[in-house]
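J.: Before anything else, here's the structure in question.
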Amino acid sequence: MTAELVRGQNHPLTESRLEIRVSAGDPVVVGAALGGADGRVPDAGRVARPGSPRLPGVEVPAGVAAAQRLSVELDALPDAVHRVHVLLALPPGGRGPARFGATAAPFVALSGAGGDIASFTVTELEAETALVALELYRRQGAWRVRAVGQGYAGGLAELFRDLGVDRAAELAAVVEAEAAGSAAVLSASQPSAQHAGSGCRHAGSAVDWPAEPAVPEPAPSAAPQAVPAPETPSPAGPVDYRHPRRRATEPPQPAPAAPAARPGTPPEPVAGDAAGWTMEERLYNQVWGMFEDLARSTAAYRSAVGFAESRLEKELDRVLSDPATRIGPAADAAREEARAKHGGLVEQARAVLDRDLAQLTAEAEVVEHALPPALARWDSPVWHAYQAPLETPMALRLGDLHLPERRGLRIPMLVRLPLQRGLWVDCGRATGSGTDMADPAELRRLAMDCAVAHAARLLAVHPVGEFGVHVLDPAGSASAALAPLVEHGVLARPPAAGAQGVSAVLTELTRRVDLVQMAVRSGAADALPPDLDTAEQLLIVNDFPHGFDDRAVTQLRYLADEGPAVGVHLMMVADREDSCGFGPVLDPLWRSLLRITPVPDDHLADPWVRHAWTYEPSLAPAGSDVVRQVLWQVGQARRAYGL
């Protein structure tokens with residue numbers, strides 16, 4: 001699974017041969033600087049750039065383009081190299097934007113032989129013209145990648161000075177001249193409309209990654225060749241190793257850009273202005289960026305308030321520590337001055353926070369109206385035009401997140417699909433401060449309504465026949481909440497009741513997991529039984545552990561651990577205290593599930609900035625039939641397909 005890094009986050013690297021893909025809204029220069037243990041780059045000979053693209057273990061593109069790739073061989077790096085800084089810069093000459101804040105946020109993805117490893121979208125850039133995007137560094141013999149995102153308004157000269165390069169300004173001028181020359185060659189050698197996209201290059205020109213690759217046109221000849229013979233690389237220029245029919249990874253169309261803002265006013269928010277190959281991916285990345293911005297702004301505000309309080313305490317202690325000045329007009333004036341400083345600092349911090357929150361609120365409102373069904377609220381108009389999709393979305397909305405500093409600003413809580421872990425709708429008493437509901441029966445009813453809403457969304461956003469839902473309701477206590485699923489025929493089978501029904505469903509799903517695992521490990525997917533349903537499966541469990549014996553509990557734990565990897569997912573609607581009789585046996589089960597609540601609750605911890613986020617479930621508005629209407633359409637589509 002690809003790690004989506006945020007600024008400052010790191011991730012371990014287990015492969016030596018790596019490829020780094022860079023995608024930006026406009027052409028950029030890509031380079032790499034090799035640093036020592038202290039991170040400093042001793043001289044220009046340790047900087048790979050367009051005019052000198054190859055260094056031991058590193059090769060960067062020799063041209064300027066919006067989509068670039070560079071390769072790194074960690075085992076081939078000199079022993080003195082402990083850091084590899086990946087650099088991006090805008091080419092000079094006025095052929096593109098003058099700053100990164102005027103173009104789409106650069107997107108950097110790191111991959112190895114096994115696929116993508118990590119990705120990072122460099123956001124919050126304004127006047128910067130050069131930046132350090134990523135850093136590969138060696139610590140205790142192991143390599144890791146860190147998302148840096150450090151920009152420099154002073155361009156490459158300031159960047160090289162920060163890295164400790166001698167004669168940084170001269171090196172920056174050389175790199176800018178090389179970039180300008182590459183851009184000029186690229187502009188002069190653009191193919192005509194008749195041959196657009198052919199990917200042909202002049203001998204000796206920089207190899208570039210075309211925006212819209214196409215199959216090269218055959219050269220005219222008297223007799224066509226059935227199989228072209230391998231050719232010896234010409235010494236006149238580098239060899240192009242690209243597959244002629246392999247599509248490039250550059251976005252098919254640029255992300256929408258915000259219109260120019262008037263002086264003194266923030267830019268107007270635009271939905272989908274983040275990096276990504278599709279609008280759905282851009283919106284997903286934009287929502288994630290909004291979450292980061294809110295977390296960072298709130299952390300800065302809380303830190304400023306904490307500093308103001310600490311300063312106030314120190315100044316008051318200093319006044320009170322001297323008995324001669326502890327009382328009297330001078331002491332009172334000192335206290336008032338200290339409190340005034342404290343109030344000024346808090347007021348200033350709050351003004352900055354309010355400014356950031358106002359911008360985020362405006363962006364959230366714009367983005368909310370552009371979200372597709374998988375990411376939209378149930379009250380979104382997009383559900384009124386719902387149609388069964390042809391492809392599985394990349395993510396799913398589980399609810400909203402907000403912080404006490406601005407409760408009205410809600411950030412969608414999105415999880416990637418397919419689900420990597422099960423869900424636990426906790427119908428026990430909420431442990432946070434987001435709710436004061438104490439009626440256990442009402443909590444259980446709301447928890448089941450929440451589970452049905454999540455199941456309905458999962459059914460609606462998957463193509464017909466590619467997602468099935470099973471329900472275990474041993475006591476039949478959730479019949480009212482399950483009515484929409486049953487009435488519209490979207491369940492794989494009627495809800496299983498009693499211990500016998502529980503055992504039958506668990507045995508069938510366990511068998512499916514075993515067979516698919518064996519087929520995947522042996523590479524014999526075509527050997528699966530014809531009656532085996534290979535679609536993604538969701539098992540909703542209500543009133544656990546009622547109706548479960550020891551064997552059923554073991555099977556449930558097995559599904560929670562092994563099921564997600566082969567398409568079997570678990571959704572528990574349970575109160576953990578009801579299963580306390582099993583002791584610590586079930587502790588791994590609860591830890592493996594993502595806990596959500598049927599009512600707002602501040603139980604989600606953010607390990608990045610230590611926030612406690614309040615989670616609010618995604619439910620249909622009171623009195624709305626949108627869930628039933630969507631399930632009716634899902635049922636109609638299933639019947640049309642003979643399911």
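Residues are named by chain letter and number: chains run A, B, ... in the order of the structure tokens, numbers start at 1 in each chain, and ligands are numbered from 1 in the order shown.
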From a DSSP calculation on the backbone, collect every residue of range 384-583 of chain A in alpha helix (DSSP H) and output the set as a PyMOL selection string.
T.: chain A and resi 440-461+479-487+498-522+550-562
J.: Residues near range 483-494 of chain A, anyone? I mean within 7 Å using only C-alpha atoms, not counting same-chain ones fewer than 5 positions away, as a list in words.
T.: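 Near neighbours after the sequence-gap exclusion: Gly468, Val469, His470, Arg628, Leu631, Trp632, Val634 and Gly635 of chain A.
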J.: Find the distance between CA of Gly96 in chain A and CA of Ala127 in chain A and write it in Å to one decimal.
T.: 14.0 Å
J.: Which residue, A:Pro529, A:Gly581, A:Pro393, A:Pro617, has the smallest gap to Val425 in chain A when you use only C-alpha atoms?
T.: A:Pro617
J.: Measuring between only C-alpha atoms, which one of A:Val148, A:Ile327, A:Ala338, A:Ala388 shows the shortest distance to Leu312 in chain A?
T.: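 Answer, going by the shortest atom-to-atom distance: A:Ala338.
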J.: Write out as a PDB file with N, CA and C atoms, in the first residue's frame each polymer residue whose atoms come within 6 Å of range 8-13 of chain A, counting only C-alpha atoms; drop sequence neighbours fewer than 4 positions from it.
T.:
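And here is the file that came out, selection_16.pdb:
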ATOM      1  N   TRP A 143      17.923   2.872   4.870  1.00  0.00           N
ATOM      2  CA  TRP A 143      17.500   4.054   4.124  1.00  0.00           C
ATOM      3  C   TRP A 143      16.033   4.341   4.379  1.00  0.00           C
ATOM      4  N   ARG A 144      15.703   5.623   4.420  1.00  0.00           N
ATOM      5  CA  ARG A 144      14.337   6.086   4.590  1.00  0.00           C
ATOM      6  C   ARG A 144      14.105   7.267   3.650  1.00  0.00           C
ATOM      7  N   VAL A 145      12.838   7.563   3.416  1.00  0.00           N
ATOM      8  CA  VAL A 145      12.465   8.730   2.626  1.00  0.00           C
ATOM      9  C   VAL A 145      11.684   9.687   3.517  1.00  0.00           C
ATOM     10  N   ARG A 146      11.967  10.982   3.384  1.00  0.00           N
ATOM     11  CA  ARG A 146      11.270  12.000   4.156  1.00  0.00           C
ATOM     12  C   ARG A 146      10.650  13.015   3.201  1.00  0.00           C
ATOM     13  N   ALA A 147       9.399  13.365   3.462  1.00  0.00           N
ATOM     14  CA  ALA A 147       8.733  14.421   2.701  1.00  0.00           C
ATOM     15  C   ALA A 147       9.191  15.767   3.279  1.00  0.00           C
ATOM     16  N   VAL A 148       9.889  16.558   2.487  1.00  0.00           N
ATOM     17  CA  VAL A 148      10.463  17.812   2.960  1.00  0.00           C
ATOM     18  C   VAL A 148       9.574  18.990   2.577  1.00  0.00           C
TER      19      VAL A 148
END
J.: With a distance cut-off of 12 Å and only C-alpha atoms, select the neighbouring residues of Gly306 in chain A, excluding the residue or stretch itself and same-chain residues fewer than 6 positions from it, and output the selection as a PyMOL selection string.
T.: chain A and resi 299-300+312-313+342+345-346+349
J.: Just want the 10 Å neighbourhood of Leu414 in chain A, counted on only C-alpha atoms, with same-chain residues fewer than 5 positions away dropped. Output as a PyMOL selection string.
T.: chain A and resi 284+287-288+374-375+394-401
J.: Keeping only all heavy atoms, write those residues as a short mmCIF file (atom, residue, chain, number, x, y, z; two decimals), in the first residue's frame.
T.:
data_model
loop_
_atom_site.label_atom_id
_atom_site.label_comp_id
_atom_site.auth_asym_id
_atom_site.auth_seq_id
_atom_site.Cartn_x
_atom_site.Cartn_y
_atom_site.Cartn_z
N TYR A 284 -9.67 13.94 -3.81
CA TYR A 284 -9.20 13.19 -2.64
C TYR A 284 -7.96 13.84 -2.04
O TYR A 284 -7.87 14.05 -0.82
CB TYR A 284 -8.90 11.75 -3.05
CG TYR A 284 -8.26 10.92 -1.96
CD1 TYR A 284 -9.04 10.30 -0.98
CD2 TYR A 284 -6.88 10.75 -1.91
CE1 TYR A 284 -8.45 9.55 0.02
CE2 TYR A 284 -6.28 10.01 -0.91
CZ TYR A 284 -7.07 9.40 0.05
OH TYR A 284 -6.48 8.66 1.05
N VAL A 287 -8.90 17.13 -0.30
CA VAL A 287 -9.49 16.93 1.02
C VAL A 287 -8.41 16.59 2.04
O VAL A 287 -8.41 17.09 3.17
CB VAL A 287 -10.56 15.82 0.95
CG1 VAL A 287 -11.01 15.41 2.36
CG2 VAL A 287 -11.76 16.28 0.14
N TRP A 288 -7.47 15.75 1.64
CA TRP A 288 -6.37 15.42 2.55
C TRP A 288 -5.54 16.67 2.86
O TRP A 288 -5.11 16.88 4.00
CB TRP A 288 -5.50 14.34 1.92
CG TRP A 288 -4.34 13.93 2.75
CD1 TRP A 288 -3.04 14.15 2.49
CD2 TRP A 288 -4.37 13.23 3.99
NE1 TRP A 288 -2.24 13.64 3.48
CE2 TRP A 288 -3.04 13.06 4.42
CE3 TRP A 288 -5.39 12.73 4.79
CZ2 TRP A 288 -2.71 12.41 5.60
CZ3 TRP A 288 -5.05 12.08 5.97
CH2 TRP A 288 -3.73 11.93 6.36
N ALA A 374 -19.23 8.67 -3.96
CA ALA A 374 -18.46 7.93 -2.96
C ALA A 374 -17.92 8.84 -1.87
O ALA A 374 -17.71 8.40 -0.73
CB ALA A 374 -17.30 7.19 -3.63
N LEU A 375 -17.72 10.13 -2.17
CA LEU A 375 -17.13 11.05 -1.22
C LEU A 375 -18.11 12.10 -0.72
O LEU A 375 -17.76 12.91 0.13
CB LEU A 375 -15.93 11.78 -1.85
CG LEU A 375 -14.90 10.91 -2.58
CD1 LEU A 375 -13.78 11.78 -3.12
CD2 LEU A 375 -14.35 9.84 -1.67
N MET A 394 -11.76 5.30 -5.71
CA MET A 394 -10.51 5.12 -4.97
C MET A 394 -10.70 5.30 -3.47
O MET A 394 -9.83 4.88 -2.69
CB MET A 394 -9.47 6.12 -5.47
CG MET A 394 -9.78 7.57 -5.20
SD MET A 394 -8.44 8.67 -5.74
CE MET A 394 -7.10 8.09 -4.71
N ALA A 395 -11.80 5.91 -3.03
CA ALA A 395 -11.98 6.16 -1.60
C ALA A 395 -13.46 6.22 -1.27
O ALA A 395 -14.32 6.28 -2.16
CB ALA A 395 -11.29 7.46 -1.18
N LEU A 396 -13.76 6.20 0.01
CA LEU A 396 -15.13 6.20 0.52
C LEU A 396 -15.23 7.13 1.71
O LEU A 396 -14.30 7.21 2.52
CB LEU A 396 -15.54 4.78 0.93
CG LEU A 396 -16.99 4.58 1.37
CD1 LEU A 396 -17.87 4.36 0.16
CD2 LEU A 396 -17.10 3.40 2.32
N ARG A 397 -16.35 7.82 1.82
CA ARG A 397 -16.56 8.73 2.95
C ARG A 397 -17.23 7.98 4.09
O ARG A 397 -18.28 7.35 3.91
CB ARG A 397 -17.42 9.91 2.52
CG ARG A 397 -17.61 10.97 3.59
CD ARG A 397 -18.35 12.15 3.02
NE ARG A 397 -18.35 13.33 3.88
CZ ARG A 397 -18.51 14.57 3.46
NH1 ARG A 397 -18.67 14.80 2.16
NH2 ARG A 397 -18.51 15.58 4.29
N LEU A 398 -16.64 8.07 5.28
CA LEU A 398 -17.21 7.45 6.47
C LEU A 398 -17.89 8.45 7.39
O LEU A 398 -18.67 8.05 8.24
CB LEU A 398 -16.12 6.72 7.26
CG LEU A 398 -15.57 5.43 6.66
CD1 LEU A 398 -14.53 4.83 7.60
CD2 LEU A 398 -16.67 4.42 6.38
N GLY A 399 -17.57 9.71 7.22
CA GLY A 399 -18.16 10.72 8.09
C GLY A 399 -17.39 12.02 7.95
O GLY A 399 -16.75 12.28 6.93
N ASP A 400 -17.46 12.85 8.99
CA ASP A 400 -16.79 14.15 9.00
C ASP A 400 -15.95 14.27 10.26
O ASP A 400 -16.23 13.65 11.29
CB ASP A 400 -17.81 15.29 8.95
CG ASP A 400 -18.58 15.31 7.65
OD1 ASP A 400 -18.02 14.91 6.62
OD2 ASP A 400 -19.76 15.71 7.67
N LEU A 401 -14.91 15.11 10.17
CA LEU A 401 -14.04 15.40 11.29
C LEU A 401 -14.01 16.90 11.53
O LEU A 401 -14.03 17.69 10.58
CB LEU A 401 -12.61 14.91 11.00
CG LEU A 401 -12.44 13.41 10.75
CD1 LEU A 401 -11.01 13.12 10.32
CD2 LEU A 401 -12.79 12.60 11.98
#
J.: Quick one: residues within 12 Å of Ala37 in chain A, only C-alpha atoms counted, chain neighbours fewer than 6 positions away excluded, as a PyMOL selection string?
T.: chain A and resi 79-84+136-141
J.: Rounded to one decimal, what separation in Å do you get between CA of Arg350 in chain A and CA of Glu124 in chain A?
T.: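 Result for CA of Arg350 in chain A versus CA of Glu124 in chain A: 20.1 Å, one decimal.
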